[in-house]
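Have a look at model-v7.txt below; it lists compact mmCIF, C-alpha atoms.
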```txt
# COMPACT_ATOMS: atom_id res chain seq x y z
CA MET A 1 109.41 83.57 186.03
CA ALA A 2 106.74 84.41 188.54
CA LEU A 3 107.85 85.57 191.99
CA GLU A 4 106.40 84.02 195.12
CA ALA A 5 105.33 86.32 197.95
CA PHE A 6 105.55 84.80 201.43
CA THR A 7 104.30 85.81 204.85
CA PRO A 8 106.63 86.57 207.82
CA LEU A 9 108.01 83.51 209.58
CA ALA A 10 106.79 82.64 213.05
CA ALA A 11 110.22 81.47 214.25
CA PRO A 12 113.70 80.96 212.73
CA ALA A 13 113.56 77.23 213.48
CA ALA A 14 110.52 76.66 211.24
CA ALA A 15 112.56 75.46 208.30
CA SER A 16 110.08 72.69 207.35
CA MET A 17 107.13 74.97 206.73
CA ALA A 18 104.78 74.36 203.80
CA PRO A 19 105.29 76.05 200.41
CA LEU A 20 104.04 79.62 200.40
CA GLN A 21 101.21 80.95 198.26
CA ARG A 22 101.94 82.94 195.15
CA HIS A 23 100.67 86.50 195.10
CA PRO A 24 98.38 86.96 192.09
CA SER A 25 99.82 90.40 191.24
CA ALA A 26 103.50 89.41 191.53
CA SER A 27 104.99 88.71 188.14
CA SER A 28 108.26 89.04 186.25
CA SER A 29 109.19 89.23 182.61
CA ARG A 30 112.28 87.10 183.19
CA GLN A 31 111.83 83.50 182.12
CA GLY A 32 113.55 80.54 183.71
CA PRO A 33 112.99 77.50 185.93
CA ARG A 34 110.94 78.09 189.01
CA MET A 35 112.27 77.15 192.44
CA PRO A 36 110.06 75.09 194.73
CA GLY A 37 108.31 76.93 197.51
CA GLY A 38 110.17 74.92 200.14
CA VAL A 39 113.49 76.26 198.81
CA TRP A 40 112.23 79.84 199.14
CA ALA A 41 111.15 79.09 202.70
CA SER A 42 114.58 77.65 203.58
CA LEU A 43 116.32 80.71 202.15
CA ALA A 44 114.02 82.99 204.09
CA VAL A 45 114.73 81.10 207.31
CA GLY A 46 118.48 81.38 206.74
CA LEU A 47 118.23 85.11 206.09
CA THR A 48 116.09 85.60 209.17
CA VAL A 49 118.49 83.69 211.42
CA GLY A 50 121.44 85.62 209.99
CA VAL A 51 119.77 88.95 210.69
CA VAL A 52 118.91 87.94 214.26
CA GLU A 53 122.44 86.77 215.00
CA ARG A 54 124.01 89.89 213.47
CA GLN A 55 121.69 92.15 215.43
CA GLY A 56 122.57 90.34 218.64
CA LYS A 57 126.30 90.75 218.03
CA SER A 58 125.91 94.44 217.17
CA ALA A 59 123.91 95.10 220.35
CA ASN A 60 126.59 93.57 222.57
CA ARG A 61 129.55 95.08 220.75
CA GLN A 62 131.18 98.14 222.35
CA PRO A 63 132.12 101.25 220.35
CA ARG A 64 135.59 101.20 218.82
CA SER A 65 136.81 104.09 221.02
CA LEU A 66 135.84 102.25 224.22
CA ARG A 67 137.48 99.04 223.00
CA ALA A 68 140.69 100.96 222.26
CA LYS A 69 140.73 102.58 225.71
CA LYS A 70 140.11 99.20 227.35
CA LYS A 71 142.98 97.69 225.39
CA GLU A 72 145.31 100.50 226.46
CA SER A 73 144.33 100.11 230.12
CA GLU A 74 144.91 96.36 229.96
CA ALA A 75 148.35 96.95 228.44
CA GLY A 76 149.29 98.90 231.60
CA GLU A 77 150.78 102.14 230.36
CA LEU A 78 153.34 103.79 232.67
CA VAL A 79 152.43 107.19 234.08
CA ARG A 80 155.30 109.60 233.55
CA PRO A 81 156.11 112.05 236.36
CA THR A 82 156.03 115.79 235.75
CA PHE A 83 158.84 118.15 236.75
CA ASP A 84 159.03 121.92 237.20
CA PHE A 85 162.07 122.42 235.00
CA ALA A 86 161.44 126.15 234.62
CA TYR A 87 161.56 126.68 238.40
CA TRP A 88 164.66 124.55 238.75
CA ALA A 89 166.43 126.51 236.03
CA GLU A 90 165.61 129.81 237.77
CA ASN A 91 166.49 128.56 241.29
CA VAL A 92 169.41 126.17 240.82
CA GLU A 93 171.11 126.95 244.14
CA GLU A 94 167.92 126.58 246.19
CA VAL A 95 166.96 123.27 244.61
CA GLN A 96 170.51 121.93 244.92
CA LYS A 97 170.69 122.93 248.62
CA ASN A 98 167.38 121.21 249.28
CA ALA A 99 168.70 118.04 247.61
CA ASP A 100 171.91 118.16 249.67
CA ASN A 101 169.94 118.57 252.91
CA ARG A 102 167.88 115.53 252.00
CA LYS A 103 171.00 113.49 251.11
CA PHE A 104 170.06 113.17 247.41
CA LYS A 105 172.87 112.86 244.90
CA CYS A 106 171.97 114.95 241.86
CA ASP A 107 173.29 117.80 239.72
CA VAL A 108 170.58 120.44 239.39
CA ALA A 109 172.84 122.68 237.27
CA GLU A 110 173.19 119.91 234.68
CA VAL A 111 169.44 119.37 234.62
CA ALA A 112 168.91 123.10 234.07
CA ALA A 113 171.48 123.18 231.26
CA VAL A 114 169.87 120.26 229.43
CA TYR A 115 166.46 121.89 229.91
CA GLN A 116 167.66 125.15 228.34
CA GLU A 117 169.14 123.26 225.37
CA HIS A 118 165.92 121.28 224.95
CA ARG A 119 163.88 124.46 225.07
CA SER A 120 166.07 126.17 222.48
CA SER A 121 166.01 123.15 220.15
CA SER A 122 162.22 122.86 220.48
CA PHE A 123 161.79 126.49 219.48
CA GLU A 124 164.09 125.99 216.51
CA LEU A 125 162.03 122.96 215.51
CA GLN A 126 158.86 125.05 215.58
CA GLN A 127 160.44 127.63 213.32
CA LEU A 128 161.48 124.95 210.85
CA ALA A 129 157.93 123.59 210.82
CA LYS A 130 156.61 127.07 209.94
CA LYS A 131 159.24 127.35 207.23
CA ARG A 132 158.15 124.00 205.80
CA ASN A 133 154.52 125.12 205.67
CA GLU A 134 155.41 128.38 203.94
CA HIS A 135 157.60 126.48 201.47
CA ALA A 136 154.73 124.12 200.66
CA LYS A 137 152.48 127.10 199.89
CA SER A 138 155.11 128.59 197.57
CA MET A 139 155.03 125.46 195.36
CA LYS A 140 151.39 125.96 194.44
CA GLY A 141 150.57 127.46 191.06
CA LYS A 142 152.34 127.47 187.72
CA MET A 143 156.10 127.99 187.45
CA GLU A 144 159.06 127.07 185.34
CA PRO A 145 160.40 123.51 185.69
CA GLU A 146 163.77 124.81 186.87
CA GLN A 147 162.12 126.90 189.57
CA ARG A 148 159.95 123.99 190.73
CA GLN A 149 162.94 121.66 190.86
CA ALA A 150 164.84 124.18 192.97
CA LEU A 151 161.91 124.36 195.38
CA ILE A 152 161.76 120.57 195.57
CA GLU A 153 165.44 120.40 196.49
CA GLU A 154 164.93 123.07 199.13
CA GLY A 155 161.97 121.14 200.54
CA LYS A 156 164.11 118.01 200.86
CA LYS A 157 166.73 119.98 202.74
CA ILE A 158 164.16 121.38 205.16
CA LYS A 159 162.77 117.88 205.75
CA GLU A 160 166.23 116.52 206.56
CA GLU A 161 166.84 119.37 209.01
CA ILE A 162 163.51 118.68 210.73
CA ASN A 163 164.20 114.95 211.04
CA SER A 164 167.64 115.59 212.49
CA LEU A 165 166.36 118.19 214.95
CA GLU A 166 163.43 115.99 216.03
CA ALA A 167 165.88 113.21 216.92
CA LYS A 168 167.94 115.69 218.93
CA VAL A 169 164.90 117.00 220.81
CA ASP A 170 163.77 113.46 221.66
CA GLU A 171 167.23 112.56 222.93
CA LEU A 172 167.41 115.71 225.07
CA SER A 173 163.96 114.99 226.48
CA LEU A 174 164.94 111.48 227.55
CA ARG A 175 168.18 112.69 229.12
CA MET A 176 166.47 115.61 230.88
CA ASN A 177 163.79 113.39 232.43
CA ALA A 178 166.33 110.75 233.45
CA LEU A 179 168.40 113.35 235.32
CA ALA A 180 165.30 114.86 236.91
CA LEU A 181 164.36 111.57 238.57
CA ALA A 182 167.19 112.11 241.08
CA VAL A 183 165.99 115.60 242.14
CA PRO A 184 163.75 115.48 245.26
CA ASN A 185 160.73 117.62 245.97
CA LEU A 186 161.18 120.83 247.93
CA THR A 187 160.57 120.48 251.65
CA HIS A 188 158.63 122.99 253.72
CA PRO A 189 160.84 125.88 254.88
CA ASP A 190 159.90 125.18 258.53
CA THR A 191 161.13 121.58 258.32
CA PRO A 192 164.11 121.08 260.68
CA ILE A 193 167.38 120.01 259.09
CA GLY A 194 169.48 117.29 260.68
CA GLU A 195 168.98 114.21 262.79
CA GLU A 196 165.77 113.04 264.44
CA GLU A 197 166.67 114.88 267.65
CA ASN A 198 166.11 118.16 265.78
CA ALA A 199 162.52 117.26 264.92
CA THR A 200 159.79 119.61 266.11
CA VAL A 201 156.81 118.06 267.95
CA VAL A 202 153.64 119.53 266.45
CA ARG A 203 151.09 117.62 268.53
CA ILE A 204 150.64 114.35 270.44
CA ASN A 205 147.41 112.39 270.14
CA GLY A 206 146.54 110.56 273.35
CA GLU A 207 148.88 109.47 276.16
CA PRO A 208 152.24 107.98 275.14
CA ARG A 209 152.46 104.33 276.14
CA THR A 210 155.18 103.45 278.63
CA SER A 211 156.34 100.25 280.31
CA GLU A 212 154.74 101.43 283.57
CA SER A 213 151.33 102.05 281.97
CA ALA A 214 151.50 98.83 279.93
CA GLY A 215 152.56 96.63 282.87
CA PHE A 216 155.46 95.02 281.00
CA GLN A 217 158.72 96.05 279.40
CA LEU A 218 158.12 97.62 275.99
CA ARG A 219 160.49 96.78 273.18
CA ASP A 220 161.17 98.71 269.97
CA HIS A 221 160.91 97.30 266.46
CA LEU A 222 164.61 96.37 266.36
CA GLU A 223 164.28 94.20 269.43
CA LEU A 224 161.09 92.63 268.15
CA GLY A 225 162.79 91.85 264.84
CA GLU A 226 165.47 89.84 266.57
```
Step by step, read the file and then write its structure as structure tokens.
Amino acid sequence: MALEAFTPLAAPAAASMAPLQRHPSASSSRQGPRMPGGVWASLAVGLTVGVVERQGKSANRQPRSLRAKKKESEAGELVRPTFDFAYWAENVEEVQKNADNRKFKCDVAEVAAVYQEHRSSSFELQQLAKKRNEHAKSMKGKMEPEQRQALIEEGKKIKEEINSLEAKVDELSLRMNALALAVPNLTHPDTPIGEEENATVVRINGEPRTSESAGFQLRDHLELGE
């Protein structure tokens, strides 16, 4: 059938436009019933509207990475604290004394022991991962079926060891961080130890307010709370 060439549409809403003129050079060897010009115009309007709407949605749509970050921020992820486990392990007595002076109940020696076990297990896990990679390389190339089957069995064993050790490392990490929450920060070495009477006055800003200067009897927060 002969194809009909049409001019660009003035607006998407012009669905009732007149049939378009046929281009004299446009032809086709395929035979079949011709569609009325109005049908072609309606199809063109629909395509035009679809393109406009799709372009509008694409322009307002944020990149996938930004949408993912926004979703994570809306979920409200908890920020985990960081601890200096290495320093605690090397200075157990100092950290424990600081905690006792600040009236914190914790066992720094236990935290250090769990940290050392976690560190050792993590190193062992790294070595197993290297072993797994080397084992995977050894399976490349041609070999006897018996030899390949033996390597497959060895690979399964390495995988089981890794899974078991990963679970152990995760458990140690949770326990280590849970114990560390009870360990306070180190205070400045010049900080006085004891009751409030032992506090050192560094500076006083302005004149302290007294009952004489205020003109009435001052009361503390305990009296005001009553």
(message) To one decimal place in Å, what is the distance between CA of Asn91 in chain A and CA of Tyr115 in chain A?
(response)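 Distance between the two atoms: 13.2 Å.
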(request) Find, counting all atoms listed in the file, the residue in A:Glu154, A:Ala199, A:Gly215, A:Ala178 that gets nearest to Val114 in chain A. (result)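 Of all the options, A:Ala178 lies closest to Val114 in chain A.
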(request) Check the smallest atom-to-atom distance from each of A:Ser122, A:Gly206, A:Ala113, A:Arg102 to Ala86 in chain A using all atoms listed in the file, then report the winner. (result)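 Smallest distance to Ala86 in chain A is found for A:Ala113.
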(message) With all atoms listed in the file as the counted atoms, please give the residues lying no more than 12 Å from Phe123 in chain A, apart from itself and same-chain residues fewer than 6 positions off, as an MDAnalysis selection string.
(response) chainID A and resid 116:117 129:130 162 165:166 169
(request) Please indicate the distance in Å from CA of Lys131 in chain A to CA of Ser173 in chain A, rounded to one decimal place. (result)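 Taking CA of Lys131 in chain A and CA of Ser173 in chain A, their separation equals 23.4 Å.
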